[in-house]
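**Q** Quick one: this structure, given as structure tokens, is what I'll be asking you about.
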There are 2 protein chains.
Amino acid sequence: MQLIVAKKAGFCFGVKRAIDITFDLAKETNEGIYTYGPLIHNPQVIEKLIREGVNPIGDIHCIDIKTLIIRTHGVSPEVYAETSRMDYKLVDATCPFVKKAQHFAKTLSDEGYQVLIVGDREHPEVQGLIGFAGKDVITVNNVEPLPVLKRKVGIIVQTTQPFETFEKVVLKVIGSAREVKIYNTICDYTVLRIKETKEIAHKADLMVVIGGKNSANTTQLVNISRQSCANVHHIEISDEIRKEWFNGSRKIGITGGASTPQWIIDEVVKKIREISLRR
Amino acid sequence: MQLIVAKKAGFCFGVKRAIDITFDLAKETNEGIYTYGPLIHNPQVIEKLIREGVNPIGDIHCIDIKTLIIRTHGVSPEVYAETSRMDYKLVDATCPFVKKAQHFAKTLSDEGYQVLIVGDREHPEVQGLIGFAGKDVITVNNVEPLPVLKRKVGIIVQTTQPFETFEKVVLKVIGSAREVKIYNTICDYTVLRIKETKEIAHKADLMVVIGGKNSANTTQLVNISRQSCANVHHIEISDEIRKEWFNGSRKIGITGGASTPQWIIDEVVKKIREISLRR
């Protein structure tokens with residue numbers, strides 16, 4: 001049994017940065033540190049943070065807050081405005097690539113474009129971007145038909161979307177609007193991670209994708225793997241692995257999302273190696 | 001034998017406008033009226049104009065010129081500058097849609113974009129556009145690979161290009177540049193003419209495409225017809241028609257380019273009807 005482990009699996013630049021900021025803060029003090037929503041979409045990391053005294057919170061007005069950390073996905077300008085009125089310290093751990101996309105959303109809106117965000121409307125990153133994109137903003141995913149567009153349309157894209165989705169929406173828009181300004185805000189980590197996952201899934205007869213069940217980018221890797229591999233398992237931790245999965249498999253691909261910590265990937269690889277050796 | 005004649009065949013808005021301007025001028029006087037290059041890409045119309053005393057000329061410095069007409073395809077700012085120094089009247093018959101594309105080329109260049117023109121580099125419209133597009137300008141047709149692009153790319157398209165070519169180039173560019181501003185400058189007449197030709201060629205077992213052998217948009221209709229019809233003839237005038245072509249044909253499609261005059265289309269339809277009746 002051969003194992004192919006993705007080199008790009010695990011923390012991306014933005015997630016690593018947010019984790020470092022948060023653990024550094026927790027080392028200084030463990031009094032009243034909160035993240036606005038879960039810092040990243042990985043339950044195991046969130047548990048670790050909670051053990052360090054850092055809790056996710058949904059209400060930015062809570063009187064217990066001494067330090068509020070804005071998570072990787074960012075927030076809308078309204079949330080910034082609201083927190084600036086509060087009597088606590090704000091630490092911004094928004095991914096710098098998301099910050100850039102927020103900046104472009106505002107630029108497009110200021111220049112009179114109807115802003116179209118390619119991505120998942122419910123995802124916190126997109127919710128934040130919507131706040132920067134002015135009143136005409138629309139969001140489109142890869143299956144929805146386009147609404148009626150204005151003459152000038154500006155496009156940005158959720159940083160973790162696959163290029164194919166972006167491409168599909170751009171094609172629809174240029175067939176409809178006369179002036180289109182596009183910022184490709186897909187982050188390079190997303191491109192590389194998807195590319196590598198595709199390559200591995202193409203070779204493997206079984207894929208194990210590690211990451212939060214609530215992680216959009218991990219779920220995407222699952223879907224991408226399924227396009228060329230019939231046997232795909234999405235797990236959060238090594239305990240979920242069943243040795244029966246590997247009966248008859250010769251090449252096992254292992255990949256993980258941008259919010260999957262290295263220690264979980266290591267545990268998974270170790271467990272699969274053990275199963276392989278016992279054969 | 002059934003005839004399907006395209007409703008959109010023949011003079012488009014820009015060509016009709018240029019022809020009207022020129023014949024009106026020729027009515028006033030026939031002294032020293034010249035067009036800078038052939039007014040439109042149709043030899044039969046150009047012959048008519050010559051009979052009215054309007055000749056194409058390649059040298060804008062010729063001392064015989066009293067009135068110089070800029071043709072539908074437009075010219076570069078350098079030509080405008082040069083003619084402004086001359087002692088004759090300038091009449092601008094540039095198609096208003098080409099004018100718009102020229103304006104967008106300049107806008108993009110002024111805003112710091114590397115201007116990419118989708119179209120045929122040798123075509124006079126594109127030659128004119130290049131002049132408005134600044135020093136970084138590049139032109140790309142539907143088969144060429146993209147050169148290395150700058151970070152900010154602005155796209156315009158020759159008004160008579162098929163949407164599919166535009167689409168293909170846009171897809172390549174958004175995979176490479178980070179910021180892309182696009183003006184879809186394909187004119188509505190082009191879209192409708194291509195659409196109708198496709199529909200007719202799909203039904204017909206023989207297509208007759210009428211227009212100048214030097215007309216890019218007519219040649220395009222020939223290529224588009226060949227995609228779904230095995231039997232396609234490109235003619236300029238009815239004399240070229242051979243009755244053997246129609247042996248065994250039941251549905252004849254007839255279309256024509258944007259610079260094909262109605263009287264030629266009428267003659268062709270008449271001749272084919274006669275052949276059909278003699279069966």
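By convention in this document, the chains of the structure tokens carry letters A, B, ... by their order, each chain's residues are numbered from 1, and ligands are numbered from 1 in the order they are shown.
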Determine, counting only C-alpha atoms, which protein, DNA and RNA residues have an atom within 12 Å of an atom of Lys48 in chain B; residues of the same chain fewer than 5 positions away are not included. Present the result as a CSV table (one decimal) with N, CA and C atoms, in the first residue's frame.

**A**
```csv
chain,number,residue,atom,x,y,z
B,19,ILE,N,-21.9,55.2,-45.9
B,19,ILE,CA,-22.3,55.3,-47.3
B,19,ILE,C,-23.1,56.5,-47.5
B,22,THR,N,-21.1,59.7,-47.5
B,22,THR,CA,-20.2,59.8,-48.7
B,22,THR,C,-21.0,60.2,-50.0
B,23,PHE,N,-22.1,59.5,-50.2
B,23,PHE,CA,-23.0,59.8,-51.4
B,23,PHE,C,-23.5,61.2,-51.3
B,26,ALA,N,-20.9,63.5,-52.3
B,26,ALA,CA,-20.6,63.4,-53.8
B,26,ALA,C,-21.7,64.1,-54.6
B,38,PRO,N,-10.2,52.1,-48.9
B,38,PRO,CA,-11.6,51.8,-49.3
B,38,PRO,C,-12.6,52.1,-48.2
B,39,LEU,N,-13.7,52.8,-48.4
B,39,LEU,CA,-14.6,53.2,-47.4
B,39,LEU,C,-15.2,52.0,-46.6
B,40,ILE,N,-15.5,50.9,-47.3
B,40,ILE,CA,-15.9,49.7,-46.7
B,40,ILE,C,-15.3,48.5,-47.5
B,42,ASN,N,-16.1,46.3,-49.6
B,42,ASN,CA,-16.9,45.7,-50.7
B,42,ASN,C,-16.5,46.3,-52.0
B,43,PRO,N,-15.9,45.6,-52.9
B,43,PRO,CA,-15.4,46.1,-54.2
B,43,PRO,C,-16.5,46.7,-55.1
B,53,GLY,N,-17.1,59.7,-58.5
B,53,GLY,CA,-16.0,60.6,-58.3
B,53,GLY,C,-15.3,60.5,-56.9
B,54,VAL,N,-15.7,59.5,-56.2
B,54,VAL,CA,-15.1,59.4,-54.8
B,54,VAL,C,-14.0,58.2,-54.9
B,55,ASN,N,-12.8,58.6,-54.7
B,55,ASN,CA,-11.7,57.6,-54.9
B,55,ASN,C,-11.0,57.2,-53.6
B,56,PRO,N,-10.6,56.0,-53.4
B,56,PRO,CA,-9.8,55.7,-52.2
B,56,PRO,C,-8.4,56.1,-52.4
B,261,PRO,N,-24.1,45.3,-50.1
B,261,PRO,CA,-25.3,46.1,-50.4
B,261,PRO,C,-26.5,45.3,-50.7
```

**Q** What are the residues of chain B that have an atom within 10 Å of an atom of chain A, counting only C-alpha atoms, as a ChimeraX atom specification?

**A** /B:104,152-156,163,166-168,170-172,174-186

**Q** Keeping only N, CA, C and O atoms, take the residues you just selected and write them out as a CSV table (one decimal), in the first residue's frame.

**A**
```csv
chain,number,residue,atom,x,y,z
B,104,PHE,N,-12.7,53.6,-25.3
B,104,PHE,CA,-12.4,52.7,-24.2
B,104,PHE,C,-10.9,52.3,-24.2
B,104,PHE,O,-10.3,52.1,-23.1
B,152,LYS,N,-2.1,44.4,-14.4
B,152,LYS,CA,-3.4,45.0,-14.7
B,152,LYS,C,-3.6,45.0,-16.2
B,152,LYS,O,-2.9,45.6,-17.0
B,153,VAL,N,-4.6,44.2,-16.7
B,153,VAL,CA,-4.9,44.1,-18.1
B,153,VAL,C,-6.3,44.6,-18.4
B,153,VAL,O,-7.3,44.3,-17.8
B,154,GLY,N,-6.4,45.4,-19.5
B,154,GLY,CA,-7.7,45.9,-19.9
B,154,GLY,C,-8.0,45.3,-21.3
B,154,GLY,O,-7.1,45.3,-22.2
B,155,ILE,N,-9.2,44.8,-21.4
B,155,ILE,CA,-9.5,44.1,-22.7
B,155,ILE,C,-10.6,44.9,-23.5
B,155,ILE,O,-11.6,45.3,-22.9
B,156,ILE,N,-10.4,45.1,-24.8
B,156,ILE,CA,-11.4,45.5,-25.7
B,156,ILE,C,-11.4,44.5,-26.9
B,156,ILE,O,-10.5,43.7,-27.0
B,163,PHE,N,-18.3,36.2,-30.4
B,163,PHE,CA,-18.3,36.2,-28.9
B,163,PHE,C,-17.4,35.1,-28.4
B,163,PHE,O,-16.7,35.3,-27.4
B,166,PHE,N,-13.7,36.1,-28.1
B,166,PHE,CA,-13.6,37.1,-27.0
B,166,PHE,C,-13.6,36.3,-25.7
B,166,PHE,O,-12.7,36.4,-24.8
B,167,GLU,N,-14.5,35.3,-25.5
B,167,GLU,CA,-14.7,34.5,-24.4
B,167,GLU,C,-13.4,33.7,-24.1
B,167,GLU,O,-12.9,33.7,-23.0
B,168,LYS,N,-12.9,33.1,-25.1
B,168,LYS,CA,-11.6,32.3,-25.0
B,168,LYS,C,-10.5,33.1,-24.5
B,168,LYS,O,-9.8,32.6,-23.6
B,170,VAL,N,-10.7,36.0,-22.8
B,170,VAL,CA,-10.9,36.5,-21.4
B,170,VAL,C,-10.6,35.4,-20.4
B,170,VAL,O,-9.9,35.6,-19.4
B,171,LEU,N,-10.9,34.1,-20.8
B,171,LEU,CA,-10.7,33.0,-19.8
B,171,LEU,C,-9.2,32.9,-19.6
B,171,LEU,O,-8.7,32.6,-18.5
B,172,LYS,N,-8.4,33.0,-20.7
B,172,LYS,CA,-6.9,32.9,-20.5
B,172,LYS,C,-6.4,34.0,-19.7
B,172,LYS,O,-5.6,33.8,-18.8
B,174,ILE,N,-7.9,36.0,-17.3
B,174,ILE,CA,-8.3,35.9,-15.9
B,174,ILE,C,-7.5,34.9,-15.2
B,174,ILE,O,-7.4,34.9,-13.9
B,175,GLY,N,-6.9,33.9,-15.9
B,175,GLY,CA,-6.1,32.9,-15.2
B,175,GLY,C,-4.7,33.4,-15.0
B,175,GLY,O,-3.9,32.8,-14.4
B,176,SER,N,-4.4,34.6,-15.6
B,176,SER,CA,-3.0,35.1,-15.5
B,176,SER,C,-2.9,36.4,-14.8
B,176,SER,O,-2.0,36.6,-14.0
B,177,ALA,N,-3.7,37.4,-15.2
B,177,ALA,CA,-3.6,38.8,-14.6
B,177,ALA,C,-4.5,38.8,-13.3
B,177,ALA,O,-5.5,38.1,-13.2
B,178,ARG,N,-4.1,39.7,-12.4
B,178,ARG,CA,-4.8,39.8,-11.1
B,178,ARG,C,-6.0,40.7,-11.2
B,178,ARG,O,-7.0,40.6,-10.5
B,179,GLU,N,-5.8,41.8,-12.1
B,179,GLU,CA,-6.9,42.8,-12.2
B,179,GLU,C,-7.2,42.9,-13.7
B,179,GLU,O,-6.3,43.1,-14.5
B,180,VAL,N,-8.4,42.7,-14.1
B,180,VAL,CA,-8.8,42.7,-15.5
B,180,VAL,C,-10.0,43.6,-15.7
B,180,VAL,O,-11.0,43.4,-15.0
B,181,LYS,N,-9.9,44.6,-16.5
B,181,LYS,CA,-11.1,45.4,-16.8
B,181,LYS,C,-11.5,45.2,-18.3
B,181,LYS,O,-10.6,45.3,-19.2
B,182,ILE,N,-12.7,44.8,-18.5
B,182,ILE,CA,-13.2,44.4,-19.8
B,182,ILE,C,-14.3,45.2,-20.3
B,182,ILE,O,-15.3,45.5,-19.7
B,183,TYR,N,-14.1,45.7,-21.6
B,183,TYR,CA,-15.2,46.4,-22.3
B,183,TYR,C,-15.6,45.4,-23.4
B,183,TYR,O,-14.8,45.2,-24.3
B,184,ASN,N,-16.8,44.9,-23.4
B,184,ASN,CA,-17.3,44.1,-24.5
B,184,ASN,C,-17.7,45.0,-25.6
B,184,ASN,O,-18.8,45.6,-25.6
B,185,THR,N,-16.8,45.3,-26.6
B,185,THR,CA,-17.1,46.2,-27.6
B,185,THR,C,-17.6,45.5,-28.9
B,185,THR,O,-17.6,46.2,-30.0
B,186,ILE,N,-18.0,44.3,-28.8
B,186,ILE,CA,-18.6,43.6,-30.0
B,186,ILE,C,-19.9,44.3,-30.3
B,186,ILE,O,-20.7,44.5,-29.3
```

**Q** Please identify all polymer residues within 9 Å of Gln227 in chain B, counting only C-alpha atoms, omitting same-chain residues fewer than 4 positions from it, and present them as a list in words.

**A**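 So, after excluding close chain neighbours, the residues are Lys198, Ala201, His202, Val222 and Asn223 of chain B.
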
**Q** Mind checking which residues fall within 12 Å of Asp24 in chain A, counting only C-alpha atoms, ignoring those fewer than 6 positions away in the same chain, and posting them as a VMD selection string?

**A** chain A and resid 17 to 18 30 33 49 52 54 91

**Q** Take the residues just selected and output them with N, CA, C and O atoms as a PDB file, in the first residue's frame.

**A**
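Saved result, out_32.pdb, follows:
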```pdb
ATOM      1  N   ARG A  17      -1.090  32.482  10.642  1.00  0.00           N
ATOM      2  CA  ARG A  17      -0.911  33.818  11.216  1.00  0.00           C
ATOM      3  C   ARG A  17      -1.933  34.058  12.345  1.00  0.00           C
ATOM      4  O   ARG A  17      -1.574  34.525  13.439  1.00  0.00           O
ATOM      5  N   ALA A  18      -3.193  33.709  12.110  1.00  0.00           N
ATOM      6  CA  ALA A  18      -4.252  33.928  13.108  1.00  0.00           C
ATOM      7  C   ALA A  18      -4.017  33.075  14.350  1.00  0.00           C
ATOM      8  O   ALA A  18      -4.214  33.525  15.484  1.00  0.00           O
ATOM      9  N   ASN A  30      -4.785  35.090  30.229  1.00  0.00           N
ATOM     10  CA  ASN A  30      -5.933  34.289  29.791  1.00  0.00           C
ATOM     11  C   ASN A  30      -7.234  34.886  30.320  1.00  0.00           C
ATOM     12  O   ASN A  30      -8.208  34.205  30.526  1.00  0.00           O
ATOM     13  N   ILE A  33     -10.129  36.846  26.795  1.00  0.00           N
ATOM     14  CA  ILE A  33      -9.838  36.811  25.367  1.00  0.00           C
ATOM     15  C   ILE A  33     -10.938  36.027  24.639  1.00  0.00           C
ATOM     16  O   ILE A  33     -11.212  34.879  24.985  1.00  0.00           O
ATOM     17  N   LEU A  49      -7.868  25.928  21.794  1.00  0.00           N
ATOM     18  CA  LEU A  49      -7.910  27.350  22.169  1.00  0.00           C
ATOM     19  C   LEU A  49      -8.725  27.545  23.450  1.00  0.00           C
ATOM     20  O   LEU A  49      -8.343  28.325  24.320  1.00  0.00           O
ATOM     21  N   GLU A  52      -6.877  26.895  26.376  1.00  0.00           N
ATOM     22  CA  GLU A  52      -5.946  28.008  26.680  1.00  0.00           C
ATOM     23  C   GLU A  52      -6.695  29.247  27.177  1.00  0.00           C
ATOM     24  O   GLU A  52      -6.090  30.307  27.372  1.00  0.00           O
ATOM     25  N   VAL A  54      -9.216  30.770  25.471  1.00  0.00           N
ATOM     26  CA  VAL A  54      -9.738  31.628  24.390  1.00  0.00           C
ATOM     27  C   VAL A  54     -11.047  31.027  23.877  1.00  0.00           C
ATOM     28  O   VAL A  54     -11.060  29.931  23.329  1.00  0.00           O
ATOM     29  N   VAL A  91      -8.175  42.879  18.298  1.00  0.00           N
ATOM     30  CA  VAL A  91      -7.023  42.330  17.576  1.00  0.00           C
ATOM     31  C   VAL A  91      -7.544  41.745  16.258  1.00  0.00           C
ATOM     32  O   VAL A  91      -8.437  40.901  16.269  1.00  0.00           O
TER      33      VAL A  91
END
```

**Q** Range 95-99 of chain B: which residues within 10 Å, counting only C-alpha atoms, same-chain residues fewer than 2 positions away excluded, as a PyMOL selection string?

**A** chain B and resi 12-18+70-75+92-93+101-105+125-126+128-129+157-160+185-188

**Q** Can you write just those residues out, N, CA and C atoms, as a compact mmCIF listing (two decimals), in the first residue's frame?

**A**
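Contents of part03.txt, freshly written:
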```txt
# COMPACT_ATOMS: atom_id res chain seq x y z
N CYS B 12 -24.77 47.16 -42.04
CA CYS B 12 -25.06 47.44 -40.63
C CYS B 12 -25.19 48.95 -40.49
N PHE B 13 -25.52 49.37 -39.28
CA PHE B 13 -25.72 50.78 -38.97
C PHE B 13 -24.52 51.65 -39.38
N GLY B 14 -23.31 51.22 -39.00
CA GLY B 14 -22.10 52.01 -39.26
C GLY B 14 -21.78 52.14 -40.74
N VAL B 15 -21.98 51.04 -41.48
CA VAL B 15 -21.70 51.05 -42.91
C VAL B 15 -22.73 51.93 -43.63
N LYS B 16 -23.98 51.77 -43.28
CA LYS B 16 -25.06 52.55 -43.91
C LYS B 16 -24.80 54.04 -43.70
N ARG B 17 -24.41 54.38 -42.49
CA ARG B 17 -24.13 55.78 -42.13
C ARG B 17 -22.98 56.32 -43.00
N ALA B 18 -21.90 55.55 -43.14
CA ALA B 18 -20.73 55.99 -43.90
C ALA B 18 -21.08 56.16 -45.39
N ILE B 70 -12.76 59.73 -43.51
CA ILE B 70 -12.24 58.60 -42.70
C ILE B 70 -13.26 57.48 -42.78
N ARG B 71 -12.79 56.30 -43.13
CA ARG B 71 -13.71 55.18 -43.36
C ARG B 71 -14.25 54.57 -42.07
N THR B 72 -15.23 53.67 -42.21
CA THR B 72 -15.92 53.03 -41.06
C THR B 72 -14.98 52.47 -40.02
N HIS B 73 -13.84 51.90 -40.46
CA HIS B 73 -12.94 51.21 -39.53
C HIS B 73 -12.16 52.15 -38.61
N GLY B 74 -12.19 53.46 -38.94
CA GLY B 74 -11.49 54.43 -38.10
C GLY B 74 -9.99 54.46 -38.35
N VAL B 75 -9.35 55.42 -37.70
CA VAL B 75 -7.89 55.56 -37.83
C VAL B 75 -7.30 55.86 -36.45
N ASP B 92 -15.47 62.62 -40.89
CA ASP B 92 -15.20 61.39 -40.14
C ASP B 92 -16.38 60.43 -40.24
N ALA B 93 -16.22 59.36 -41.01
CA ALA B 93 -17.30 58.37 -41.16
C ALA B 93 -17.02 57.11 -40.33
N ALA B 101 -15.14 51.99 -29.02
CA ALA B 101 -14.03 51.08 -28.70
C ALA B 101 -12.72 51.86 -28.60
N GLN B 102 -12.54 52.84 -29.50
CA GLN B 102 -11.32 53.68 -29.46
C GLN B 102 -11.27 54.45 -28.13
N HIS B 103 -12.42 54.97 -27.73
CA HIS B 103 -12.51 55.72 -26.46
C HIS B 103 -12.14 54.82 -25.28
N PHE B 104 -12.66 53.58 -25.28
CA PHE B 104 -12.35 52.65 -24.18
C PHE B 104 -10.88 52.25 -24.18
N ALA B 105 -10.29 52.11 -25.38
CA ALA B 105 -8.85 51.78 -25.47
C ALA B 105 -8.04 52.87 -24.78
N GLU B 125 -9.47 48.34 -38.52
CA GLU B 125 -10.09 48.75 -37.25
C GLU B 125 -9.12 48.55 -36.10
N VAL B 126 -8.48 47.38 -36.07
CA VAL B 126 -7.53 47.06 -34.99
C VAL B 126 -6.30 47.97 -35.08
N GLY B 128 -6.30 50.99 -36.09
CA GLY B 128 -6.72 52.26 -35.48
C GLY B 128 -6.75 52.16 -33.96
N LEU B 129 -7.35 51.08 -33.45
CA LEU B 129 -7.47 50.89 -32.00
C LEU B 129 -6.10 50.88 -31.32
N VAL B 157 -12.41 44.55 -27.70
CA VAL B 157 -12.49 43.55 -28.76
C VAL B 157 -12.96 44.22 -30.06
N GLN B 158 -12.35 43.81 -31.15
CA GLN B 158 -12.75 44.29 -32.48
C GLN B 158 -14.26 44.11 -32.61
N THR B 159 -14.96 45.14 -33.11
CA THR B 159 -16.43 45.15 -33.06
C THR B 159 -17.09 43.99 -33.80
N THR B 160 -16.34 43.37 -34.74
CA THR B 160 -16.95 42.32 -35.57
C THR B 160 -16.47 40.90 -35.19
N THR B 185 -16.83 45.26 -26.57
CA THR B 185 -17.10 46.23 -27.64
C THR B 185 -17.57 45.55 -28.94
N ILE B 186 -17.96 44.28 -28.83
CA ILE B 186 -18.57 43.62 -30.00
C ILE B 186 -19.91 44.31 -30.26
N CYS B 187 -20.17 44.69 -31.51
CA CYS B 187 -21.40 45.44 -31.75
C CYS B 187 -22.58 44.48 -31.86
N ASP B 188 -23.77 44.99 -31.50
CA ASP B 188 -24.97 44.15 -31.46
C ASP B 188 -25.30 43.55 -32.83
```
